[in-house]
$ cat final_9.tsv   # TSV, N, CA and C atoms
chain	number	residue	atom	x	y	z
A	1	MET	N	-2.46	2.92	-15.63
A	1	MET	CA	-1.95	3.65	-14.48
A	1	MET	C	-1.31	2.64	-13.53
A	2	LYS	N	-0.25	3.06	-12.90
A	2	LYS	CA	0.45	2.24	-11.91
A	2	LYS	C	-0.05	2.66	-10.54
A	3	LEU	N	-0.60	1.71	-9.77
A	3	LEU	CA	-1.15	1.99	-8.45
A	3	LEU	C	-0.31	1.31	-7.37
A	4	LEU	N	-0.08	2.01	-6.28
A	4	LEU	CA	0.55	1.43	-5.10
A	4	LEU	C	-0.47	1.51	-3.97
A	5	LEU	N	-0.88	0.35	-3.47
A	5	LEU	CA	-1.92	0.29	-2.45
A	5	LEU	C	-1.32	0.43	-1.06
A	6	ASP	N	-1.87	1.35	-0.29
A	6	ASP	CA	-1.48	1.49	1.11
A	6	ASP	C	-1.98	0.25	1.85
A	7	THR	N	-1.44	0.01	3.03
A	7	THR	CA	-1.78	-1.18	3.80
A	7	THR	C	-3.27	-1.27	4.09
A	8	HIS	N	-3.85	-0.19	4.61
A	8	HIS	CA	-5.29	-0.24	4.93
A	8	HIS	C	-6.11	-0.41	3.66
A	9	THR	N	-5.65	0.15	2.55
A	9	THR	CA	-6.37	0.02	1.29
A	9	THR	C	-6.48	-1.44	0.87
A	10	LEU	N	-5.36	-2.15	0.91
A	10	LEU	CA	-5.38	-3.57	0.53
A	10	LEU	C	-6.31	-4.35	1.45
A	11	LEU	N	-6.16	-4.14	2.75
A	11	LEU	CA	-6.98	-4.89	3.70
A	11	LEU	C	-8.47	-4.59	3.53
A	12	TRP	N	-8.81	-3.32	3.32
A	12	TRP	CA	-10.21	-2.96	3.12
A	12	TRP	C	-10.73	-3.51	1.80
A	13	PHE	N	-9.90	-3.51	0.76
A	13	PHE	CA	-10.30	-4.07	-0.52
A	13	PHE	C	-10.58	-5.56	-0.39
A	14	LEU	N	-9.65	-6.29	0.22
A	14	LEU	CA	-9.81	-7.74	0.36
A	14	LEU	C	-11.00	-8.10	1.23
A	15	GLY	N	-11.26	-7.28	2.25
A	15	GLY	CA	-12.35	-7.56	3.18
A	15	GLY	C	-13.69	-6.98	2.77
A	16	GLY	N	-13.75	-6.29	1.64
A	16	GLY	CA	-15.00	-5.67	1.22
A	16	GLY	C	-15.48	-4.59	2.18
A	17	ASP	N	-14.54	-3.93	2.82
A	17	ASP	CA	-14.85	-2.93	3.84
A	17	ASP	C	-15.46	-1.68	3.19
A	18	PRO	N	-16.59	-1.19	3.73
A	18	PRO	CA	-17.23	0.00	3.15
A	18	PRO	C	-16.42	1.28	3.33
A	19	ARG	N	-15.37	1.26	4.15
A	19	ARG	CA	-14.52	2.45	4.29
A	19	ARG	C	-13.68	2.70	3.04
A	20	LEU	N	-13.53	1.69	2.18
A	20	LEU	CA	-12.81	1.87	0.93
A	20	LEU	C	-13.68	2.74	0.02
A	21	SER	N	-13.12	3.84	-0.44
A	21	SER	CA	-13.91	4.77	-1.25
A	21	SER	C	-14.28	4.14	-2.59
A	22	PRO	N	-15.39	4.59	-3.18
A	22	PRO	CA	-15.75	4.09	-4.51
A	22	PRO	C	-14.66	4.35	-5.56
A	23	ALA	N	-14.00	5.51	-5.51
A	23	ALA	CA	-12.94	5.81	-6.47
A	23	ALA	C	-11.76	4.84	-6.31
A	24	ALA	N	-11.40	4.54	-5.07
A	24	ALA	CA	-10.31	3.60	-4.82
A	24	ALA	C	-10.68	2.21	-5.32
A	25	ARG	N	-11.90	1.76	-5.00
A	25	ARG	CA	-12.34	0.43	-5.44
A	25	ARG	C	-12.34	0.34	-6.97
A	26	THR	N	-12.85	1.36	-7.63
A	26	THR	CA	-12.90	1.36	-9.09
A	26	THR	C	-11.50	1.28	-9.68
A	27	ALA	N	-10.56	2.06	-9.14
A	27	ALA	CA	-9.19	2.05	-9.65
A	27	ALA	C	-8.54	0.68	-9.45
A	28	ILE	N	-8.76	0.08	-8.30
A	28	ILE	CA	-8.15	-1.23	-8.01
A	28	ILE	C	-8.76	-2.31	-8.90
A	29	GLU	N	-10.06	-2.24	-9.12
A	29	GLU	CA	-10.74	-3.26	-9.93
A	29	GLU	C	-10.50	-3.10	-11.42
A	30	ASP	N	-10.00	-1.96	-11.86
A	30	ASP	CA	-9.73	-1.73	-13.27
A	30	ASP	C	-8.49	-2.52	-13.69
A	31	LEU	N	-8.71	-3.56	-14.45
A	31	LEU	CA	-7.61	-4.45	-14.83
A	31	LEU	C	-6.61	-3.81	-15.78
A	32	ALA	N	-6.94	-2.63	-16.30
A	32	ALA	CA	-5.97	-1.89	-17.13
A	32	ALA	C	-4.88	-1.27	-16.27
A	33	ASN	N	-5.13	-1.15	-14.97
A	33	ASN	CA	-4.14	-0.58	-14.04
A	33	ASN	C	-3.21	-1.67	-13.53
A	34	GLN	N	-1.93	-1.31	-13.36
A	34	GLN	CA	-0.99	-2.19	-12.67
A	34	GLN	C	-1.17	-1.93	-11.18
A	35	ARG	N	-1.34	-2.99	-10.39
A	35	ARG	CA	-1.57	-2.84	-8.96
A	35	ARG	C	-0.41	-3.45	-8.19
A	36	PHE	N	0.12	-2.68	-7.23
A	36	PHE	CA	1.26	-3.12	-6.42
A	36	PHE	C	0.94	-2.96	-4.94
A	37	PHE	N	1.54	-3.83	-4.14
A	37	PHE	CA	1.49	-3.73	-2.68
A	37	PHE	C	2.93	-3.84	-2.21
A	38	SER	N	3.35	-2.89	-1.40
A	38	SER	CA	4.73	-2.84	-0.95
A	38	SER	C	5.04	-3.93	0.08
A	39	ILE	N	6.24	-4.46	0.00
A	39	ILE	CA	6.71	-5.38	1.03
A	39	ILE	C	6.72	-4.67	2.38
A	40	ALA	N	6.84	-3.34	2.39
A	40	ALA	CA	6.75	-2.58	3.64
A	40	ALA	C	5.36	-2.72	4.24
A	41	GLY	N	4.33	-2.72	3.39
A	41	GLY	CA	2.96	-2.91	3.86
A	41	GLY	C	2.74	-4.33	4.37
A	42	ALA	N	3.38	-5.30	3.71
A	42	ALA	CA	3.28	-6.68	4.17
A	42	ALA	C	3.93	-6.81	5.55
A	43	ARG	N	5.06	-6.15	5.72
A	43	ARG	CA	5.75	-6.18	7.01
A	43	ARG	C	4.90	-5.52	8.09
A	44	GLU	N	4.30	-4.37	7.76
A	44	GLU	CA	3.42	-3.68	8.71
A	44	GLU	C	2.26	-4.58	9.12
A	45	THR	N	1.67	-5.27	8.16
A	45	THR	CA	0.56	-6.17	8.44
A	45	THR	C	1.00	-7.30	9.36
A	46	ALA	N	2.14	-7.91	9.06
A	46	ALA	CA	2.64	-9.02	9.88
A	46	ALA	C	2.92	-8.57	11.31
A	47	ILE	N	3.48	-7.38	11.48
A	47	ILE	CA	3.77	-6.87	12.82
A	47	ILE	C	2.47	-6.66	13.59
A	48	LYS	N	1.46	-6.07	12.94
A	48	LYS	CA	0.18	-5.83	13.62
A	48	LYS	C	-0.49	-7.14	14.00
A	49	VAL	N	-0.39	-8.15	13.15
A	49	VAL	CA	-0.96	-9.46	13.47
A	49	VAL	C	-0.22	-10.05	14.67
A	50	SER	N	1.11	-9.98	14.67
A	50	SER	CA	1.89	-10.58	15.76
A	50	SER	C	1.65	-9.88	17.10
A	51	LEU	N	1.32	-8.59	17.06
A	51	LEU	CA	1.03	-7.83	18.28
A	51	LEU	C	-0.42	-7.97	18.73
A	52	GLY	N	-1.23	-8.65	17.94
A	52	GLY	CA	-2.64	-8.80	18.27
A	52	GLY	C	-3.48	-7.57	17.95
A	53	LYS	N	-2.94	-6.64	17.15
A	53	LYS	CA	-3.66	-5.42	16.78
A	53	LYS	C	-4.49	-5.60	15.51
A	54	LEU	N	-4.30	-6.73	14.84
A	54	LEU	CA	-5.02	-7.00	13.60
A	54	LEU	C	-5.33	-8.48	13.53
A	55	ALA	N	-6.58	-8.80	13.24
A	55	ALA	CA	-6.99	-10.20	13.06
A	55	ALA	C	-7.32	-10.41	11.58
A	56	LEU	N	-6.77	-11.44	11.01
A	56	LEU	CA	-7.03	-11.78	9.62
A	56	LEU	C	-7.94	-13.01	9.57
A	57	SER	N	-8.60	-13.21	8.46
A	57	SER	CA	-9.53	-14.33	8.32
A	57	SER	C	-8.82	-15.66	8.10
A	58	ALA	N	-7.54	-15.63	7.84
A	58	ALA	CA	-6.72	-16.82	7.64
A	58	ALA	C	-5.30	-16.45	8.05
A	59	PRO	N	-4.43	-17.43	8.24
A	59	PRO	CA	-3.05	-17.11	8.59
A	59	PRO	C	-2.40	-16.19	7.56
A	60	PHE	N	-1.65	-15.23	8.05
A	60	PHE	CA	-0.99	-14.24	7.20
A	60	PHE	C	-0.26	-14.88	6.04
A	61	GLU	N	0.55	-15.91	6.34
A	61	GLU	CA	1.42	-16.51	5.32
A	61	GLU	C	0.66	-17.21	4.21
A	62	LYS	N	-0.63	-17.48	4.44
A	62	LYS	CA	-1.47	-18.06	3.39
A	62	LYS	C	-2.34	-16.99	2.74
A	63	LEU	N	-2.93	-16.16	3.57
A	63	LEU	CA	-3.91	-15.18	3.09
A	63	LEU	C	-3.30	-14.15	2.14
A	64	ILE	N	-2.26	-13.48	2.59
A	64	ILE	CA	-1.72	-12.36	1.80
A	64	ILE	C	-1.19	-12.83	0.44
A	65	PRO	N	-0.31	-13.83	0.38
A	65	PRO	CA	0.16	-14.26	-0.95
A	65	PRO	C	-0.97	-14.75	-1.85
A	66	ALA	N	-1.91	-15.50	-1.30
A	66	ALA	CA	-3.02	-16.03	-2.11
A	66	ALA	C	-3.90	-14.91	-2.64
A	67	GLN	N	-4.18	-13.91	-1.80
A	67	GLN	CA	-5.04	-12.81	-2.22
A	67	GLN	C	-4.34	-11.88	-3.22
A	68	LEU	N	-3.05	-11.67	-3.04
A	68	LEU	CA	-2.31	-10.87	-4.02
A	68	LEU	C	-2.37	-11.55	-5.39
A	69	GLN	N	-2.12	-12.84	-5.40
A	69	GLN	CA	-2.14	-13.58	-6.67
A	69	GLN	C	-3.54	-13.60	-7.26
A	70	ALA	N	-4.55	-13.88	-6.46
A	70	ALA	CA	-5.93	-13.97	-6.95
A	70	ALA	C	-6.42	-12.65	-7.53
A	71	ASN	N	-5.90	-11.54	-7.01
A	71	ASN	CA	-6.35	-10.22	-7.45
A	71	ASN	C	-5.38	-9.53	-8.41
A	72	GLY	N	-4.34	-10.25	-8.83
A	72	GLY	CA	-3.38	-9.68	-9.78
A	72	GLY	C	-2.62	-8.50	-9.23
A	73	ILE	N	-2.32	-8.53	-7.94
A	73	ILE	CA	-1.57	-7.45	-7.29
A	73	ILE	C	-0.15	-7.94	-7.06
A	74	GLU	N	0.81	-7.19	-7.57
A	74	GLU	CA	2.21	-7.58	-7.45
A	74	GLU	C	2.82	-7.04	-6.17
A	75	LEU	N	3.70	-7.82	-5.57
A	75	LEU	CA	4.43	-7.39	-4.38
A	75	LEU	C	5.62	-6.56	-4.85
A	76	LEU	N	5.73	-5.34	-4.32
A	76	LEU	CA	6.81	-4.43	-4.70
A	76	LEU	C	7.92	-4.51	-3.66
A	77	PRO	N	9.09	-5.01	-4.05
A	77	PRO	CA	10.21	-5.08	-3.11
A	77	PRO	C	10.78	-3.69	-2.84
A	78	ILE	N	11.58	-3.58	-1.81
A	78	ILE	CA	12.27	-2.33	-1.50
A	78	ILE	C	13.64	-2.38	-2.16
A	79	GLY	N	13.91	-1.40	-3.02
A	79	GLY	CA	15.18	-1.32	-3.72
A	79	GLY	C	16.01	-0.16	-3.19
A	80	ILE	N	17.26	-0.12	-3.62
A	80	ILE	CA	18.18	0.92	-3.17
A	80	ILE	C	17.69	2.31	-3.57
A	81	ASP	N	17.04	2.44	-4.73
A	81	ASP	CA	16.50	3.74	-5.14
A	81	ASP	C	15.41	4.21	-4.19
A	82	HIS	N	14.62	3.27	-3.68
A	82	HIS	CA	13.57	3.62	-2.72
A	82	HIS	C	14.21	4.13	-1.42
A	83	VAL	N	15.25	3.44	-0.98
A	83	VAL	CA	15.92	3.83	0.27
A	83	VAL	C	16.61	5.18	0.11
A	84	ARG	N	17.24	5.39	-1.02
A	84	ARG	CA	17.91	6.67	-1.28
A	84	ARG	C	16.88	7.82	-1.24
A	85	THR	N	15.72	7.62	-1.82
A	85	THR	CA	14.67	8.63	-1.81
A	85	THR	C	14.13	8.84	-0.40
A	86	LEU	N	14.00	7.76	0.35
A	86	LEU	CA	13.52	7.84	1.73
A	86	LEU	C	14.40	8.76	2.57
A	87	ILE	N	15.70	8.70	2.37
A	87	ILE	CA	16.64	9.51	3.14
A	87	ILE	C	16.36	11.00	2.97
A	88	SER	N	15.96	11.41	1.78
A	88	SER	CA	15.78	12.83	1.51
A	88	SER	C	14.35	13.33	1.73
A	89	LEU	N	13.43	12.46	2.13
A	89	LEU	CA	12.05	12.90	2.34
A	89	LEU	C	11.94	13.83	3.55
A	90	PRO	N	11.18	14.91	3.41
A	90	PRO	CA	10.92	15.73	4.60
A	90	PRO	C	10.02	14.96	5.57
A	91	PHE	N	9.97	15.38	6.79
A	91	PHE	CA	9.22	14.65	7.82
A	91	PHE	C	7.81	15.19	8.01
A	92	HIS	N	7.06	15.30	6.90
A	92	HIS	CA	5.64	15.64	7.01
A	92	HIS	C	4.88	14.48	7.66
A	93	HIS	N	5.42	13.29	7.49
A	93	HIS	CA	4.80	12.07	8.00
A	93	HIS	C	5.87	11.31	8.76
A	94	ARG	N	5.57	10.84	9.95
A	94	ARG	CA	6.58	10.19	10.80
A	94	ARG	C	6.54	8.66	10.76
A	95	ASP	N	5.43	8.07	10.30
A	95	ASP	CA	5.29	6.61	10.30
A	95	ASP	C	6.31	6.00	9.34
A	96	PRO	N	7.18	5.11	9.82
A	96	PRO	CA	8.24	4.57	8.96
A	96	PRO	C	7.71	3.74	7.79
A	97	PHE	N	6.62	3.03	7.97
A	97	PHE	CA	6.05	2.24	6.88
A	97	PHE	C	5.49	3.16	5.80
A	98	ASP	N	4.76	4.18	6.24
A	98	ASP	CA	4.19	5.13	5.29
A	98	ASP	C	5.28	5.90	4.54
A	99	ARG	N	6.34	6.26	5.23
A	99	ARG	CA	7.43	6.97	4.58
A	99	ARG	C	8.06	6.11	3.47
A	100	MET	N	8.21	4.82	3.71
A	100	MET	CA	8.75	3.94	2.68
A	100	MET	C	7.78	3.84	1.50
A	101	ILE	N	6.50	3.75	1.79
A	101	ILE	CA	5.51	3.68	0.71
A	101	ILE	C	5.53	4.97	-0.11
A	102	ILE	N	5.69	6.10	0.55
A	102	ILE	CA	5.79	7.38	-0.16
A	102	ILE	C	7.02	7.37	-1.08
A	103	ALA	N	8.15	6.93	-0.56
A	103	ALA	CA	9.37	6.87	-1.37
A	103	ALA	C	9.18	5.93	-2.56
A	104	GLN	N	8.55	4.81	-2.34
A	104	GLN	CA	8.33	3.87	-3.44
A	104	GLN	C	7.40	4.47	-4.49
A	105	ALA	N	6.34	5.14	-4.05
A	105	ALA	CA	5.43	5.77	-5.01
A	105	ALA	C	6.16	6.81	-5.84
A	106	ALA	N	7.03	7.58	-5.21
A	106	ALA	CA	7.78	8.62	-5.92
A	106	ALA	C	8.72	8.00	-6.96
A	107	VAL	N	9.49	7.01	-6.55
A	107	VAL	CA	10.46	6.38	-7.44
A	107	VAL	C	9.76	5.66	-8.59
A	108	GLU	N	8.70	4.94	-8.27
A	108	GLU	CA	8.00	4.13	-9.27
A	108	GLU	C	7.02	4.95	-10.11
A	109	LYS	N	6.85	6.24	-9.76
A	109	LYS	CA	5.88	7.10	-10.43
A	109	LYS	C	4.50	6.45	-10.41
A	110	ALA	N	4.16	5.96	-9.22
A	110	ALA	CA	2.88	5.28	-9.01
A	110	ALA	C	1.92	6.21	-8.28
A	111	THR	N	0.65	6.01	-8.53
A	111	THR	CA	-0.39	6.73	-7.81
A	111	THR	C	-0.68	5.94	-6.54
A	112	LEU	N	-0.60	6.61	-5.42
A	112	LEU	CA	-0.85	5.96	-4.14
A	112	LEU	C	-2.34	5.90	-3.89
A	113	VAL	N	-2.84	4.74	-3.52
A	113	VAL	CA	-4.26	4.56	-3.20
A	113	VAL	C	-4.35	4.49	-1.68
A	114	SER	N	-4.78	5.62	-1.08
A	114	SER	CA	-4.77	5.75	0.37
A	114	SER	C	-5.74	6.82	0.83
A	115	ALA	N	-6.29	6.62	2.02
A	115	ALA	CA	-7.14	7.63	2.65
A	115	ALA	C	-6.31	8.69	3.36
A	116	ASP	N	-5.02	8.46	3.51
A	116	ASP	CA	-4.15	9.33	4.30
A	116	ASP	C	-3.80	10.61	3.56
A	117	GLU	N	-4.44	11.71	3.93
A	117	GLU	CA	-4.21	13.00	3.28
A	117	GLU	C	-2.82	13.56	3.55
A	118	ALA	N	-2.13	13.07	4.56
A	118	ALA	CA	-0.76	13.54	4.85
A	118	ALA	C	0.18	13.24	3.70
A	119	PHE	N	-0.15	12.24	2.88
A	119	PHE	CA	0.69	11.90	1.73
A	119	PHE	C	0.72	13.03	0.70
A	120	ASP	N	-0.31	13.86	0.68
A	120	ASP	CA	-0.40	14.94	-0.30
A	120	ASP	C	0.73	15.96	-0.15
A	121	SER	N	1.33	16.05	1.03
A	121	SER	CA	2.43	16.99	1.27
A	121	SER	C	3.70	16.63	0.51
A	122	TYR	N	3.73	15.43	-0.05
A	122	TYR	CA	4.94	14.94	-0.72
A	122	TYR	C	4.89	15.12	-2.23
A	123	GLY	N	3.83	15.69	-2.75
A	123	GLY	CA	3.76	15.93	-4.18
A	123	GLY	C	3.62	14.68	-5.03
A	124	ILE	N	3.11	13.62	-4.44
A	124	ILE	CA	2.84	12.42	-5.21
A	124	ILE	C	1.35	12.38	-5.53
A	125	SER	N	0.99	11.60	-6.52
A	125	SER	CA	-0.40	11.45	-6.90
A	125	SER	C	-1.08	10.47	-5.94
A	126	ARG	N	-2.31	10.82	-5.52
A	126	ARG	CA	-3.06	9.98	-4.58
A	126	ARG	C	-4.50	9.90	-5.03
A	127	ILE	N	-5.07	8.71	-4.96
A	127	ILE	CA	-6.49	8.49	-5.22
A	127	ILE	C	-7.16	8.11	-3.91
A	128	TRP	N	-8.31	8.68	-3.68
A	128	TRP	CA	-9.20	8.21	-2.63
A	128	TRP	C	-10.58	8.68	-2.95
$ encode --input "final_9.tsv" --output "structure tokens"
Amino acid sequence: MKLLLDTHTLLWFLGGDPRLSPAARTAIEDLANQRFFSIAGARETAIKVSLGKLALSAPFEKLIPAQLQANGIELLPIGIDHVRTLISLPFHHRDPFDRMIIAQAAVEKATLVSADEAFDSYGISRIW
């Protein structure tokens, strides 16, 4: 299965946060699954760190790349197909980062790993 991790999902997974559901943890830890993290999520994380809304255990530029590599999670770039899909998405969800992740999940036919039930309005597969 192809998984796309939402921003909070990746952070909770890396931090061992108990808010990460058992189903989400099991899916992420299953090495048979392809795991991806969107560059949109990386951008969201960097912005929150720069605004002081998020504290990481190490500098962003070291922590995120090292943890993605250590956990076999690939960084998913934003492609023109993702942007084209984003344009036609209905506005069930207004957050620009989440909307890009939704578009990427749709294009990549990936299951989104997220606690955000608003994603269900888009007809994509979600695990939590």
$ select_by_dssp --input "final_9.tsv" --residues "chain A" --states "strand (DSSP E or B)" --output "ChimeraX atom specification"
/A:2-5,34-38,73-76,111-113,126-127
$ write_last_selection --input "final_9.tsv" --atoms "N, CA and C atoms" --output "short mmCIF file (atom, residue, chain, number, x, y, z; two decimals), in the frame of the given file"
data_model
loop_
_atom_site.label_atom_id
_atom_site.label_comp_id
_atom_site.auth_asym_id
_atom_site.auth_seq_id
_atom_site.Cartn_x
_atom_site.Cartn_y
_atom_site.Cartn_z
N LYS A 2 -0.25 3.06 -12.90
CA LYS A 2 0.45 2.24 -11.91
C LYS A 2 -0.05 2.66 -10.54
N LEU A 3 -0.60 1.71 -9.77
CA LEU A 3 -1.15 1.99 -8.45
C LEU A 3 -0.31 1.31 -7.37
N LEU A 4 -0.08 2.01 -6.28
CA LEU A 4 0.55 1.43 -5.10
C LEU A 4 -0.47 1.51 -3.97
N LEU A 5 -0.88 0.35 -3.47
CA LEU A 5 -1.92 0.29 -2.45
C LEU A 5 -1.32 0.43 -1.06
N GLN A 34 -1.93 -1.31 -13.36
CA GLN A 34 -0.99 -2.19 -12.67
C GLN A 34 -1.17 -1.93 -11.18
N ARG A 35 -1.34 -2.99 -10.39
CA ARG A 35 -1.57 -2.84 -8.96
C ARG A 35 -0.41 -3.45 -8.19
N PHE A 36 0.12 -2.68 -7.23
CA PHE A 36 1.26 -3.12 -6.42
C PHE A 36 0.94 -2.96 -4.94
N PHE A 37 1.54 -3.83 -4.14
CA PHE A 37 1.49 -3.73 -2.68
C PHE A 37 2.93 -3.84 -2.21
N SER A 38 3.35 -2.89 -1.40
CA SER A 38 4.73 -2.84 -0.95
C SER A 38 5.04 -3.93 0.08
N ILE A 73 -2.32 -8.53 -7.94
CA ILE A 73 -1.57 -7.45 -7.29
C ILE A 73 -0.15 -7.94 -7.06
N GLU A 74 0.81 -7.19 -7.57
CA GLU A 74 2.21 -7.58 -7.45
C GLU A 74 2.82 -7.04 -6.17
N LEU A 75 3.70 -7.82 -5.57
CA LEU A 75 4.43 -7.39 -4.38
C LEU A 75 5.62 -6.56 -4.85
N LEU A 76 5.73 -5.34 -4.32
CA LEU A 76 6.81 -4.43 -4.70
C LEU A 76 7.92 -4.51 -3.66
N THR A 111 0.65 6.01 -8.53
CA THR A 111 -0.39 6.73 -7.81
C THR A 111 -0.68 5.94 -6.54
N LEU A 112 -0.60 6.61 -5.42
CA LEU A 112 -0.85 5.96 -4.14
C LEU A 112 -2.34 5.90 -3.89
N VAL A 113 -2.84 4.74 -3.52
CA VAL A 113 -4.26 4.56 -3.20
C VAL A 113 -4.35 4.49 -1.68
N ARG A 126 -2.31 10.82 -5.52
CA ARG A 126 -3.06 9.98 -4.58
C ARG A 126 -4.50 9.90 -5.03
N ILE A 127 -5.07 8.71 -4.96
CA ILE A 127 -6.49 8.49 -5.22
C ILE A 127 -7.16 8.11 -3.91
#
$ residues_around --input "final_9.tsv" --residues "Ile73 of chain A" --least-positions-apart "6" --cutoff "6.5 Å" --atoms "only N, CA and C atoms" --output "PyMOL selection string"
chain A and resi 35-37+67
$ closest_residue --input "final_9.tsv" --among "A:Ala40, A:His8, A:Gly72, A:Ala46" --to "Phe60 of chain A" --atoms "only N, CA and C atoms"
A:Ala46
$ atom_distance --input "final_9.tsv" --atom1 "atom N of Thr9 of chain A" --atom2 "atom C of Ala105 of chain A"
15.9 Å
$ atom_distance --input "final_9.tsv" --atom1 "atom N of His82 of chain A" --atom2 "atom N of Lys109 of chain A"
10.3 Å
$ residues_around --input "final_9.tsv" --residues "segment 87-93 of chain A" --least-positions-apart "4" --cutoff "7 Å" --atoms "all atoms listed in the file" --output "number ranges by chain"
A: 82-83, 98-99, 118, 121
$ closest_residue --input "final_9.tsv" --among "A:Ser114, A:Thr45, A:Asn33, A:Gln104" --to "Leu5 of chain A" --atoms "only C-alpha atoms"
A:Ser114
$ closest_residue --input "final_9.tsv" --among "A:Ser50, A:Gln34, A:Ser57, A:Thr85" --to "Met1 of chain A" --atoms "only C-alpha atoms"
A:Gln34
$ atom_distance --input "final_9.tsv" --atom1 "atom CA of Asp120 of chain A" --atom2 "atom C of Leu31 of chain A"
25.1 Å
$ decode --input "final_9.tsv" --residues "segment 12-33 of chain A" --atoms "N, CA and C atoms" --output "PDB file, in the first residue's frame"
ATOM      1  N   TRP A  12       4.063  12.998  15.074  1.00  0.00           N
ATOM      2  CA  TRP A  12       3.655  12.120  16.175  1.00  0.00           C
ATOM      3  C   TRP A  12       4.359  10.774  16.079  1.00  0.00           C
ATOM      4  N   PHE A  13       4.544  10.263  14.868  1.00  0.00           N
ATOM      5  CA  PHE A  13       5.253   9.000  14.683  1.00  0.00           C
ATOM      6  C   PHE A  13       6.699   9.134  15.159  1.00  0.00           C
ATOM      7  N   LEU A  14       7.381  10.175  14.709  1.00  0.00           N
ATOM      8  CA  LEU A  14       8.786  10.367  15.076  1.00  0.00           C
ATOM      9  C   LEU A  14       8.961  10.598  16.568  1.00  0.00           C
ATOM     10  N   GLY A  15       7.992  11.284  17.175  1.00  0.00           N
ATOM     11  CA  GLY A  15       8.086  11.604  18.597  1.00  0.00           C
ATOM     12  C   GLY A  15       7.503  10.551  19.522  1.00  0.00           C
ATOM     13  N   GLY A  16       6.973   9.472  18.967  1.00  0.00           N
ATOM     14  CA  GLY A  16       6.351   8.449  19.808  1.00  0.00           C
ATOM     15  C   GLY A  16       5.127   8.958  20.549  1.00  0.00           C
ATOM     16  N   ASP A  17       4.434   9.902  19.946  1.00  0.00           N
ATOM     17  CA  ASP A  17       3.281  10.546  20.583  1.00  0.00           C
ATOM     18  C   ASP A  17       2.105   9.568  20.680  1.00  0.00           C
ATOM     19  N   PRO A  18       1.488   9.463  21.862  1.00  0.00           N
ATOM     20  CA  PRO A  18       0.359   8.535  22.024  1.00  0.00           C
ATOM     21  C   PRO A  18      -0.889   8.944  21.249  1.00  0.00           C
ATOM     22  N   ARG A  19      -0.934  10.165  20.716  1.00  0.00           N
ATOM     23  CA  ARG A  19      -2.079  10.571  19.894  1.00  0.00           C
ATOM     24  C   ARG A  19      -2.108   9.853  18.547  1.00  0.00           C
ATOM     25  N   LEU A  20      -0.986   9.273  18.137  1.00  0.00           N
ATOM     26  CA  LEU A  20      -0.953   8.498  16.899  1.00  0.00           C
ATOM     27  C   LEU A  20      -1.733   7.211  17.140  1.00  0.00           C
ATOM     28  N   SER A  21      -2.728   6.969  16.320  1.00  0.00           N
ATOM     29  CA  SER A  21      -3.579   5.794  16.524  1.00  0.00           C
ATOM     30  C   SER A  21      -2.786   4.504  16.298  1.00  0.00           C
ATOM     31  N   PRO A  22      -3.208   3.417  16.947  1.00  0.00           N
ATOM     32  CA  PRO A  22      -2.548   2.129  16.711  1.00  0.00           C
ATOM     33  C   PRO A  22      -2.597   1.708  15.239  1.00  0.00           C
ATOM     34  N   ALA A  23      -3.718   1.954  14.546  1.00  0.00           N
ATOM     35  CA  ALA A  23      -3.825   1.584  13.134  1.00  0.00           C
ATOM     36  C   ALA A  23      -2.832   2.376  12.284  1.00  0.00           C
ATOM     37  N   ALA A  24      -2.685   3.664  12.581  1.00  0.00           N
ATOM     38  CA  ALA A  24      -1.731   4.493  11.843  1.00  0.00           C
ATOM     39  C   ALA A  24      -0.306   4.011  12.091  1.00  0.00           C
ATOM     40  N   ARG A  25       0.033   3.760  13.357  1.00  0.00           N
ATOM     41  CA  ARG A  25       1.388   3.291  13.688  1.00  0.00           C
ATOM     42  C   ARG A  25       1.685   1.964  12.988  1.00  0.00           C
ATOM     43  N   THR A  26       0.735   1.047  13.021  1.00  0.00           N
ATOM     44  CA  THR A  26       0.937  -0.259  12.388  1.00  0.00           C
ATOM     45  C   THR A  26       1.173  -0.103  10.888  1.00  0.00           C
ATOM     46  N   ALA A  27       0.379   0.738  10.230  1.00  0.00           N
ATOM     47  CA  ALA A  27       0.535   0.949   8.788  1.00  0.00           C
ATOM     48  C   ALA A  27       1.895   1.560   8.466  1.00  0.00           C
ATOM     49  N   ILE A  28       2.316   2.530   9.257  1.00  0.00           N
ATOM     50  CA  ILE A  28       3.600   3.195   9.006  1.00  0.00           C
ATOM     51  C   ILE A  28       4.761   2.234   9.245  1.00  0.00           C
ATOM     52  N   GLU A  29       4.657   1.416  10.282  1.00  0.00           N
ATOM     53  CA  GLU A  29       5.741   0.488  10.618  1.00  0.00           C
ATOM     54  C   GLU A  29       5.804  -0.721   9.692  1.00  0.00           C
ATOM     55  N   ASP A  30       4.759  -0.976   8.921  1.00  0.00           N
ATOM     56  CA  ASP A  30       4.741  -2.109   8.008  1.00  0.00           C
ATOM     57  C   ASP A  30       5.650  -1.807   6.812  1.00  0.00           C
ATOM     58  N   LEU A  31       6.774  -2.479   6.762  1.00  0.00           N
ATOM     59  CA  LEU A  31       7.766  -2.201   5.722  1.00  0.00           C
ATOM     60  C   LEU A  31       7.311  -2.622   4.327  1.00  0.00           C
ATOM     61  N   ALA A  32       6.201  -3.348   4.245  1.00  0.00           N
ATOM     62  CA  ALA A  32       5.641  -3.688   2.932  1.00  0.00           C
ATOM     63  C   ALA A  32       4.966  -2.473   2.299  1.00  0.00           C
ATOM     64  N   ASN A  33       4.644  -1.463   3.108  1.00  0.00           N
ATOM     65  CA  ASN A  33       4.012  -0.243   2.612  1.00  0.00           C
ATOM     66  C   ASN A  33       5.064   0.754   2.153  1.00  0.00           C
TER      67      ASN A  33
END
